[in-house]
Amino acid sequence: GKGKRGRNWSGSDASSSGMSTSSHGAATAAAAAAKSPDSSAASTSPFVASPLETSQQQQQRIAQQYGFADSNGNGTLPDGIDSSIHSQQQAYQLGPIQEFAATTPNNPAHLSSSSSSPSSIYDAKKRLEQMTNLQRTLALASQFRRSGGTDLLMLGSILFQNLAGFGHGELNLKGGGSAENSHGYNDASAGASGGEDDVRPQHRRHPQQQGDAYSFLLDQDLPPSLCDVVASLLDPGASDKIQYSAVVQVEQDIQLMVETPGRYLSGNYFGDNVGGRLDLPTNMGDGKRLYGRDGQLSALTQAVERVLLRRQSGMAPAALSGGTTREIIALSGYSGTGKTALVDQMRRPVASMGGSFVSGKFDEAGHVNPLSAIFASFDEFCGDLLCNGSDSATSLKVDIISALHGRGDVSSLASTLPNLGAILASAPSTLSPNTPHNPVGGMEALNRFIFHFRCFIRALATPNHPLLLVLDDCQWADSAALEFITSTLLPSDDEMSSILVVLAYRDNEVGMGHPLKVELNKMSSLGVEVNSIELQNLNRNEVTAFVADSLHMLPRQVFSLATSILSKTDGNPLFVIQFMKSLMDEQILQYSVSSRRWKWDLNTIQSKELAENVVGLMVKKMLSLDMKVQALLKFLACMGHRSDERIVNLFVAVVGAECLLVLVEEGLITRVEGPSTSYKFAHDKVQQAAYSLIPHGDRTTTHLYIGRLLQDKVTQILNASTSASDAETNVIVFAAVDQLSRGAELITIRDKKVDFARLCCIAGERALAISAFSMAAIYLLQGSAMLDETDWIMNYELNLNLFTKCAHAQYVTGNYQGVQITLDPVLKNGRTLQDKYDAYTIVLNTLGAQGKQKDTLSFGLDFLANFGENFPRDPQIEDVMTEFLSLKGALAGKSTDDIKNAPAMEDKTKIATMKLFVTINRYAFQANQNLMSLIIFRAASIVLTGGVCHEASVVFSSLGYIFLVFGNASQGYEYAKLGLALLDRFRNKEYCARVYCVAYGLVFPSAEPFQANIQKLKEGYEEGMQVGDVEWSMILADLYARTALLCGGGDLLPLAEDIRKLTRRMKELSHHMQTMTLPCLQAALNLIDPSVERPNVLSGEAMDEDALLNKALENQRLNVVAIVYFLKLWLSYLFGKHEDAAEMAQKCQRLRKSRPFRGGNEAIETFYTGLVAAETARREQQEDQREFWRTIAAESMQAMENWASLCPWNFSGKLSLMRAEISFTDGNASAAAEAYRASVELAKQHRFVHEEALANERAGMFFSSSWGTSSDADAAERHYLRAQTLYATIGAVRKAKDIEAASMLR
């Protein structure tokens, strides 16, 4: 049902046919065509029986086609109708109008011959007659035009005669009985009865009882619009008639009635428009009809199909195909242009894909919680899901539960989305996601919440169940909400690719510096395709179609009215609707029951004074409501776009329940059903108009009144013996603080200020509990503003909580400057060290988060001194050894089992000290290894004397790392395992990522296979993300990427995709580890892509080598520089760029001493440095340079011998290859040949496919260059072929191509 925009309803659309037949001939031909069984219309008639169809079958088919069917689908015509079929079949041979039978209000599908009442049978007859009359009239008009007829009066006479049964001239001769003008007729005879069973007027009336043509035809129960068409043809000069200029226009109008009978077959018998109800199609979201939006709807539909169907169609991931899977729609338009209605058209298509449609709306009054619109939309969706018992809904609920199963403590997410919490609560115990877990706070809590939220989104957005998310009124979204959309809701991997986000906003309220524009530009820079769709106001033809459909009249009938409406509203759909309603309210637009159509006073409309905008129009209507109803409107407007039912009930208790019913009946607000019922304004302009009812000077008072009303309810809930759920309480608490904050300037009584501060503290704590840190900071700041210096004496605990927790929230949200300001009063007024402990910790983490490592360590050491733990500012190796020997003595006689099973630490001061040790150690690891060692030794000593605690897992895994550095690898391995065991003892996931990083990334490669450690690194990353430990998770992600690439020997294609996902996640989080991991991705791509011209240069899809290196050198990020240099060394060696490899080896050597020990990855760097050195020494002509490189090779081999003694699986094959290369360089052919064979065999046994390939390649080089016998040449060729096969097996196509090219040259 789209508006017909292509026709110009004000004038002629086409000229008449060029046929030479006279008008009289055309009339004769048209009349004959209407009765001819050979008419073209007959081919589509339901009344024409098939040659093989019995009369009974024909009746059943017609009954089903027109909606006369019983519950079993058997078609049965009502009594009296079947007898008329034959006569209609013979007389007209007309086609069906199927749509009307299905959509008419009085659809007679329930009727049967045994149960039909006389009235319902009569209605059914009339419906069939009207359908038939329309088809017959269209056939006549069409035949008249095709026969060359051009006389409109003649056409009118033909149509009238066929509808009335006599000529128009006879009506004029016998007429005059009606007192009505052409807009109505005298219906005094409407109640005439022909007998007891004659429940309707007789079909034919004597023409002497009729007035003009319109009245007479209307009295024959013909559609009013059809009556108007015929009457206009018979009286072409009348100003109140349709002005036709061509026959084709008449045909168009009748065709429109045939195509959409539901709009035009209205009258006394079918209930349409009785009482003068406007059937507003609206562009405002009713999902029925849109006007002037075909292009935008097509663009949106294509985007939905493109994104949501991408995975279902089996398209390759964009990451490997070069395209983009990330797309967002920016839908803009002025308020009231129908943005919501446009996206609502996608509900059915998305549902047909098996997907979900989720919509939310930002609120101008909802800035306290910037993410509320997003969370509310998903919570409402979960509420609908709870109430839906379909198989698809049940399946989706299972998917959600499974996605969060085993993901740790999801209570924060469940509290934020209560309906999701109800879904999770329904899970079987075996799938319960709420596994025991240590509580975390601060940044970790926020990161954990985001991780769980993304898991939830992934369950909703799958190839088999795509997700369309629409967020409206984004002009009111702040930076925090928009950044959350970018980082959390846009797909960053293939697991969340089937999601499309639509951001709708008012473009006239969004300038270039607006947060939305800034974020859209950021999205583009991240590779997100931002597609813009813009909505404009309606033009004249579109408004005309809009008005015509609303009044169930033809566009030509309402053209002058529509033109006036357009001039008053500028074509804004919302304004058009409200203006039409105002015309009806003022009875300028009214429905005539007698003429069964709408009438209006055009002159009054044109002279009508109009408000400047739609808000003014709505205000005028609202002011006509009862004062109590207005009061409720004002209360709801103060709450924003949407209000929870529990809050609405508080207002209703003040004004009366009838007021709420009035607002719903007037269409100003709507009730949203669900597990958490709410009420929302029909449009944000309605809310704006309602709020404008409150004088500016009274608004603060109104908010304060509402706030105190809610505050009383909070007190009642908190004091109740059976309290409400946390989610229900949060709704009231947050609303109370929000309203009181808006009226805070009027709170002057001290006790009231303190009460409000306490409420703010409660709200802040509840916001922190659900990881709503921005909201918590606002609440806590508001509370602290209510207190003064004297409250540090009078209300010490309240002040301490407000300021400390506020600083905590500010730290998490990145407001580091605010942290310092907020904590100054705490550090000044705190009574004990324990009271100030949290404040000190926040300052420490804030300094660390800003990258101020020296300041962080200095502050941390001062902090530790308060606990009696003193450390030198610049510890030397002697300090370390002294502490080490002291610890070694304490460890004597204690096994790792003894420590693991020791009593738990109970001393709170010691526990606080341990937490501080672990926090400071995090920053000391990179900045000062000596200080890190001292801290770990001291912490381990405290555990040995005071018992074990959560932090002991970090302490002993770190102790294992230090023992490895000191050369005691076996003891280091045992202590690293102890750290893992303590994790299990305390079921402590908070430190999981950190312990896994040290144990599996740094210590275990000296004792266990790389392959097993690689998998553990990935598990640790996932565990860390679950609890929100982003920092250590990102370190693990980098370790995983580098270890898997250099040591794993697995398929490079899935590995590259894994690394791509990790780097994309790092970029979304703006994490510095991205610059360390991107070189690994580019190196993998250089091996995979056969078209890469310079495979040893790290420039391509993932990064630009020069740009990244320059920035790293500028910022003194030597770790990044060293990684780039080493990967270039590796690739240069693999691809035979020996001079480049030697240059990188020298650069790596210079940086090596400035970097901390890196465990297994350091061993790999040693391995390839030795290979490069041996190759360079063999090629070097100058003796001193040859000796220089030979020495490096020997030192590298000596280090590798040590590694091989610790873990033969990982390093024996590498050692054999180094021996082979050095023997080759030294000219010891037999030793080289034996070592090459050993390296190939060991790499194969230990499943290092990439090293087996390398060993074969190097062996091929050796056998092809050492001597020239045919057997050695054959061996060389076998080694080369094997190397090429192995490289291809792991996806190193570029390297395999390199060997193939070299083979062709040999």
# chains A, B, ... in the order shown; residues from 1 in each chain; ligands from 1
$ residues_around --residues "Arg1178 (chain A)" --least-positions-apart "6" --cutoff "9 Å" --atoms "only C-alpha atoms" --output "PDB file with all heavy atoms, in the first residue's frame"
ATOM      1  N   ARG A1186      83.990 -12.062   8.837  1.00  0.00           N
ATOM      2  CA  ARG A1186      83.631 -13.483   8.887  1.00  0.00           C
ATOM      3  C   ARG A1186      83.741 -14.007  10.316  1.00  0.00           C
ATOM      4  O   ARG A1186      82.872 -14.725  10.797  1.00  0.00           O
ATOM      5  CB  ARG A1186      84.566 -14.261   7.957  1.00  0.00           C
ATOM      6  CG  ARG A1186      84.328 -15.757   7.942  1.00  0.00           C
ATOM      7  CD  ARG A1186      85.323 -16.452   7.021  1.00  0.00           C
ATOM      8  NE  ARG A1186      85.182 -17.883   7.102  1.00  0.00           N
ATOM      9  CZ  ARG A1186      84.317 -18.616   6.390  1.00  0.00           C
ATOM     10  NH1 ARG A1186      83.510 -18.010   5.552  1.00  0.00           N
ATOM     11  NH2 ARG A1186      84.264 -19.929   6.527  1.00  0.00           N
ATOM     12  N   TRP A1189      80.831 -12.680  12.597  1.00  0.00           N
ATOM     13  CA  TRP A1189      79.571 -13.408  12.438  1.00  0.00           C
ATOM     14  C   TRP A1189      79.708 -14.858  12.913  1.00  0.00           C
ATOM     15  O   TRP A1189      78.755 -15.425  13.443  1.00  0.00           O
ATOM     16  CB  TRP A1189      79.113 -13.367  10.982  1.00  0.00           C
ATOM     17  CG  TRP A1189      78.592 -12.009  10.590  1.00  0.00           C
ATOM     18  CD1 TRP A1189      79.209 -11.095   9.808  1.00  0.00           C
ATOM     19  CD2 TRP A1189      77.362 -11.432  11.007  1.00  0.00           C
ATOM     20  NE1 TRP A1189      78.444  -9.958   9.686  1.00  0.00           N
ATOM     21  CE2 TRP A1189      77.290 -10.140  10.412  1.00  0.00           C
ATOM     22  CE3 TRP A1189      76.304 -11.846  11.813  1.00  0.00           C
ATOM     23  CZ2 TRP A1189      76.216  -9.286  10.604  1.00  0.00           C
ATOM     24  CZ3 TRP A1189      75.230 -10.997  11.999  1.00  0.00           C
ATOM     25  CH2 TRP A1189      75.186  -9.730  11.401  1.00  0.00           C
ATOM     26  N   ARG A1190      80.871 -15.427  12.754  1.00  0.00           N
ATOM     27  CA  ARG A1190      81.077 -16.805  13.235  1.00  0.00           C
ATOM     28  C   ARG A1190      80.957 -16.856  14.751  1.00  0.00           C
ATOM     29  O   ARG A1190      80.416 -17.812  15.321  1.00  0.00           O
ATOM     30  CB  ARG A1190      82.465 -17.283  12.786  1.00  0.00           C
ATOM     31  CG  ARG A1190      82.833 -18.694  13.242  1.00  0.00           C
ATOM     32  CD  ARG A1190      81.913 -19.732  12.600  1.00  0.00           C
ATOM     33  NE  ARG A1190      82.282 -21.082  12.983  1.00  0.00           N
ATOM     34  CZ  ARG A1190      81.996 -21.658  14.138  1.00  0.00           C
ATOM     35  NH1 ARG A1190      81.330 -20.987  15.064  1.00  0.00           N
ATOM     36  NH2 ARG A1190      82.337 -22.904  14.383  1.00  0.00           N
ATOM     37  N   ILE A1222      76.397 -24.242  10.815  1.00  0.00           N
ATOM     38  CA  ILE A1222      77.754 -23.864  11.216  1.00  0.00           C
ATOM     39  C   ILE A1222      78.769 -24.843  10.618  1.00  0.00           C
ATOM     40  O   ILE A1222      79.857 -24.441  10.157  1.00  0.00           O
ATOM     41  CB  ILE A1222      77.858 -23.806  12.746  1.00  0.00           C
ATOM     42  CG1 ILE A1222      77.028 -22.626  13.278  1.00  0.00           C
ATOM     43  CG2 ILE A1222      79.311 -23.664  13.191  1.00  0.00           C
ATOM     44  CD1 ILE A1222      76.959 -22.530  14.777  1.00  0.00           C
ATOM     45  N   PHE A1224      78.382 -26.426   7.829  1.00  0.00           N
ATOM     46  CA  PHE A1224      78.412 -26.051   6.417  1.00  0.00           C
ATOM     47  C   PHE A1224      79.353 -24.861   6.237  1.00  0.00           C
ATOM     48  O   PHE A1224      80.191 -24.830   5.321  1.00  0.00           O
ATOM     49  CB  PHE A1224      76.987 -25.719   5.976  1.00  0.00           C
ATOM     50  CG  PHE A1224      76.833 -25.448   4.496  1.00  0.00           C
ATOM     51  CD1 PHE A1224      77.854 -25.716   3.580  1.00  0.00           C
ATOM     52  CD2 PHE A1224      75.642 -24.922   4.016  1.00  0.00           C
ATOM     53  CE1 PHE A1224      77.680 -25.466   2.225  1.00  0.00           C
ATOM     54  CE2 PHE A1224      75.470 -24.658   2.671  1.00  0.00           C
ATOM     55  CZ  PHE A1224      76.482 -24.932   1.764  1.00  0.00           C
ATOM     56  N   THR A1225      79.240 -23.882   7.125  1.00  0.00           N
ATOM     57  CA  THR A1225      80.090 -22.699   7.050  1.00  0.00           C
ATOM     58  C   THR A1225      81.556 -23.061   7.272  1.00  0.00           C
ATOM     59  O   THR A1225      82.460 -22.532   6.600  1.00  0.00           O
ATOM     60  CB  THR A1225      79.644 -21.659   8.100  1.00  0.00           C
ATOM     61  OG1 THR A1225      78.319 -21.252   7.810  1.00  0.00           O
ATOM     62  CG2 THR A1225      80.567 -20.446   8.101  1.00  0.00           C
ATOM     63  N   ASP A1226      81.806 -23.989   8.214  1.00  0.00           N
ATOM     64  CA  ASP A1226      83.173 -24.389   8.528  1.00  0.00           C
ATOM     65  C   ASP A1226      83.755 -25.370   7.511  1.00  0.00           C
ATOM     66  O   ASP A1226      84.944 -25.737   7.605  1.00  0.00           O
ATOM     67  CB  ASP A1226      83.221 -25.017   9.917  1.00  0.00           C
ATOM     68  CG  ASP A1226      82.937 -23.994  11.022  1.00  0.00           C
ATOM     69  OD1 ASP A1226      83.012 -22.784  10.731  1.00  0.00           O
ATOM     70  OD2 ASP A1226      82.624 -24.418  12.151  1.00  0.00           O
TER      71      ASP A1226
END
$ residues_around --residues "region 504-507 of chain A" --least-positions-apart "5" --cutoff "10 Å" --atoms "only C-alpha atoms" --output "ChimeraX atom specification"
/A:329-337,339-340,343,361-362,470-477,516,532-535
$ residues_around --residues "region 994-1000 of chain A" --least-positions-apart "6" --cutoff "9 Å" --atoms "only C-alpha atoms" --output "PyMOL selection string"
chain A and resi 953-958+960-961+973+976-977+979-980+983+1008+1012-1014+1016-1017+1019-1021+1024+1029+1031-1033+1035-1036+1039
$ write_last_selection --atoms "N, CA and C atoms" --output "compact mmCIF listing (two decimals), in the first residue's frame"
# COMPACT_ATOMS: atom_id res chain seq x y z
N SER A 953 49.10 -16.43 43.74
CA SER A 953 49.24 -17.07 42.42
C SER A 953 50.12 -16.21 41.51
N VAL A 954 49.96 -14.88 41.56
CA VAL A 954 50.79 -13.98 40.77
C VAL A 954 52.23 -14.00 41.30
N VAL A 955 52.36 -13.99 42.61
CA VAL A 955 53.68 -13.93 43.23
C VAL A 955 54.53 -15.14 42.83
N PHE A 956 53.97 -16.35 42.93
CA PHE A 956 54.80 -17.53 42.68
C PHE A 956 54.99 -17.81 41.20
N SER A 957 54.04 -17.45 40.35
CA SER A 957 54.32 -17.58 38.91
C SER A 957 55.43 -16.61 38.51
N SER A 958 55.41 -15.41 39.09
CA SER A 958 56.48 -14.44 38.82
C SER A 958 57.80 -14.91 39.40
N GLY A 960 58.70 -17.97 39.61
CA GLY A 960 59.19 -18.96 38.66
C GLY A 960 59.93 -18.31 37.50
N TYR A 961 59.40 -17.20 37.03
CA TYR A 961 60.06 -16.45 35.94
C TYR A 961 61.43 -15.97 36.39
N TYR A 973 60.21 -23.66 36.86
CA TYR A 973 59.07 -24.41 36.33
C TYR A 973 58.13 -24.85 37.46
N ALA A 976 56.20 -21.84 38.82
CA ALA A 976 55.15 -21.42 37.88
C ALA A 976 53.95 -22.34 37.98
N LYS A 977 54.20 -23.64 38.11
CA LYS A 977 53.09 -24.59 38.29
C LYS A 977 52.37 -24.32 39.62
N GLY A 979 51.97 -21.40 40.97
CA GLY A 979 51.08 -20.27 40.71
C GLY A 979 49.78 -20.71 40.09
N LEU A 980 49.84 -21.64 39.13
CA LEU A 980 48.62 -22.16 38.50
C LEU A 980 47.78 -22.94 39.51
N LEU A 983 45.86 -20.63 41.64
CA LEU A 983 44.68 -20.14 40.89
C LEU A 983 43.51 -21.10 41.08
N GLU A 1008 57.85 -27.56 28.42
CA GLU A 1008 56.71 -28.22 27.77
C GLU A 1008 56.64 -27.81 26.29
N ALA A 1012 51.35 -27.07 23.08
CA ALA A 1012 50.45 -27.06 24.24
C ALA A 1012 50.37 -25.68 24.85
N ASN A 1013 51.49 -24.98 24.90
CA ASN A 1013 51.50 -23.63 25.48
C ASN A 1013 50.71 -22.64 24.63
N ILE A 1014 50.77 -22.80 23.31
CA ILE A 1014 50.04 -21.89 22.42
C ILE A 1014 48.56 -21.93 22.71
N LYS A 1016 47.13 -22.77 25.49
CA LYS A 1016 46.90 -22.18 26.81
C LYS A 1016 46.95 -20.66 26.76
N LEU A 1017 47.82 -20.11 25.92
CA LEU A 1017 47.87 -18.65 25.77
C LEU A 1017 46.53 -18.12 25.25
N GLU A 1019 43.59 -19.63 25.61
CA GLU A 1019 42.60 -19.80 26.68
C GLU A 1019 42.73 -18.69 27.71
N GLY A 1020 43.98 -18.35 28.05
CA GLY A 1020 44.20 -17.29 29.02
C GLY A 1020 43.67 -15.95 28.54
N TYR A 1021 43.84 -15.69 27.24
CA TYR A 1021 43.27 -14.45 26.67
C TYR A 1021 41.76 -14.41 26.86
N GLY A 1024 40.83 -13.95 30.55
CA GLY A 1024 41.08 -12.59 30.97
C GLY A 1024 40.03 -11.63 30.49
N ASP A 1029 40.07 -8.23 32.45
CA ASP A 1029 41.49 -7.91 32.57
C ASP A 1029 42.06 -7.67 31.18
N GLU A 1031 44.29 -5.49 30.00
CA GLU A 1031 45.72 -5.26 29.85
C GLU A 1031 46.48 -6.58 29.67
N TRP A 1032 46.30 -7.52 30.60
CA TRP A 1032 47.02 -8.78 30.49
C TRP A 1032 46.45 -9.67 29.39
N SER A 1033 45.19 -9.53 29.07
CA SER A 1033 44.61 -10.28 27.96
C SER A 1033 45.24 -9.86 26.64
N ILE A 1035 48.25 -8.58 26.30
CA ILE A 1035 49.62 -9.10 26.30
C ILE A 1035 49.61 -10.57 25.89
N LEU A 1036 48.64 -11.32 26.43
CA LEU A 1036 48.51 -12.73 26.05
C LEU A 1036 48.18 -12.88 24.57
N LEU A 1039 51.36 -12.43 22.71
CA LEU A 1039 52.20 -13.62 22.90
C LEU A 1039 51.69 -14.79 22.08
$ residues_around --residues "Met786 (chain A)" --least-positions-apart "4" --cutoff "12 Å" --atoms "only C-alpha atoms" --output "count of residues only"
31
$ residues_around --residues "Met881 (chain A)" --least-positions-apart "6" --cutoff "12 Å" --atoms "only C-alpha atoms" --output "ChimeraX atom specification"
/A:875,887-888,930-931,933-934,937,962-963,966
$ decode --residues "region 1118-1145 of chain A" --atoms "N, CA and C atoms" --output "compact mmCIF listing (two decimals), in the first residue's frame"
# COMPACT_ATOMS: atom_id res chain seq x y z
N LEU A 1118 60.60 0.87 22.30
CA LEU A 1118 61.66 0.01 21.78
C LEU A 1118 61.20 -1.43 21.60
N ASN A 1119 60.21 -1.86 22.38
CA ASN A 1119 59.68 -3.22 22.19
C ASN A 1119 59.08 -3.37 20.80
N VAL A 1120 58.35 -2.37 20.37
CA VAL A 1120 57.75 -2.41 19.03
C VAL A 1120 58.85 -2.42 17.97
N VAL A 1121 59.84 -1.58 18.13
CA VAL A 1121 60.94 -1.51 17.17
C VAL A 1121 61.64 -2.86 17.07
N ALA A 1122 61.91 -3.47 18.23
CA ALA A 1122 62.62 -4.75 18.25
C ALA A 1122 61.82 -5.85 17.55
N ILE A 1123 60.50 -5.84 17.74
CA ILE A 1123 59.66 -6.86 17.09
C ILE A 1123 59.68 -6.70 15.58
N VAL A 1124 59.59 -5.47 15.11
CA VAL A 1124 59.64 -5.22 13.67
C VAL A 1124 60.98 -5.67 13.10
N TYR A 1125 62.06 -5.31 13.78
CA TYR A 1125 63.38 -5.71 13.31
C TYR A 1125 63.53 -7.22 13.24
N PHE A 1126 63.06 -7.93 14.28
CA PHE A 1126 63.22 -9.37 14.28
C PHE A 1126 62.38 -10.03 13.17
N LEU A 1127 61.13 -9.60 13.00
CA LEU A 1127 60.30 -10.20 11.95
C LEU A 1127 60.88 -9.93 10.57
N LYS A 1128 61.50 -8.79 10.38
CA LYS A 1128 62.18 -8.51 9.12
C LYS A 1128 63.40 -9.42 8.95
N LEU A 1129 64.12 -9.67 10.06
CA LEU A 1129 65.23 -10.63 10.03
C LEU A 1129 64.74 -11.99 9.58
N TRP A 1130 63.64 -12.43 10.20
CA TRP A 1130 63.08 -13.77 9.91
C TRP A 1130 62.67 -13.90 8.44
N LEU A 1131 61.89 -12.93 7.96
CA LEU A 1131 61.41 -12.99 6.58
C LEU A 1131 62.56 -12.85 5.59
N SER A 1132 63.51 -11.99 5.90
CA SER A 1132 64.66 -11.81 5.00
C SER A 1132 65.45 -13.10 4.88
N TYR A 1133 65.63 -13.80 5.99
CA TYR A 1133 66.34 -15.07 5.96
C TYR A 1133 65.57 -16.11 5.14
N LEU A 1134 64.25 -16.18 5.37
CA LEU A 1134 63.44 -17.17 4.66
C LEU A 1134 63.46 -16.93 3.15
N PHE A 1135 63.47 -15.69 2.73
CA PHE A 1135 63.37 -15.36 1.31
C PHE A 1135 64.74 -15.03 0.69
N GLY A 1136 65.82 -15.39 1.40
CA GLY A 1136 67.15 -15.26 0.81
C GLY A 1136 67.65 -13.84 0.67
N LYS A 1137 67.10 -12.89 1.43
CA LYS A 1137 67.60 -11.51 1.42
C LYS A 1137 68.65 -11.40 2.53
N HIS A 1138 69.83 -11.96 2.26
CA HIS A 1138 70.80 -12.17 3.33
C HIS A 1138 71.40 -10.87 3.85
N GLU A 1139 71.60 -9.89 3.00
CA GLU A 1139 72.15 -8.62 3.48
C GLU A 1139 71.16 -7.92 4.40
N ASP A 1140 69.89 -7.95 4.02
CA ASP A 1140 68.85 -7.36 4.88
C ASP A 1140 68.77 -8.10 6.21
N ALA A 1141 68.88 -9.43 6.14
CA ALA A 1141 68.80 -10.23 7.37
C ALA A 1141 69.96 -9.88 8.31
N ALA A 1142 71.16 -9.73 7.75
CA ALA A 1142 72.32 -9.39 8.57
C ALA A 1142 72.16 -8.01 9.21
N GLU A 1143 71.63 -7.07 8.45
CA GLU A 1143 71.41 -5.72 9.00
C GLU A 1143 70.44 -5.77 10.16
N MET A 1144 69.32 -6.50 10.01
CA MET A 1144 68.34 -6.60 11.08
C MET A 1144 68.90 -7.33 12.30
N ALA A 1145 69.77 -8.32 12.06
CA ALA A 1145 70.37 -9.05 13.18
C ALA A 1145 71.22 -8.12 14.04
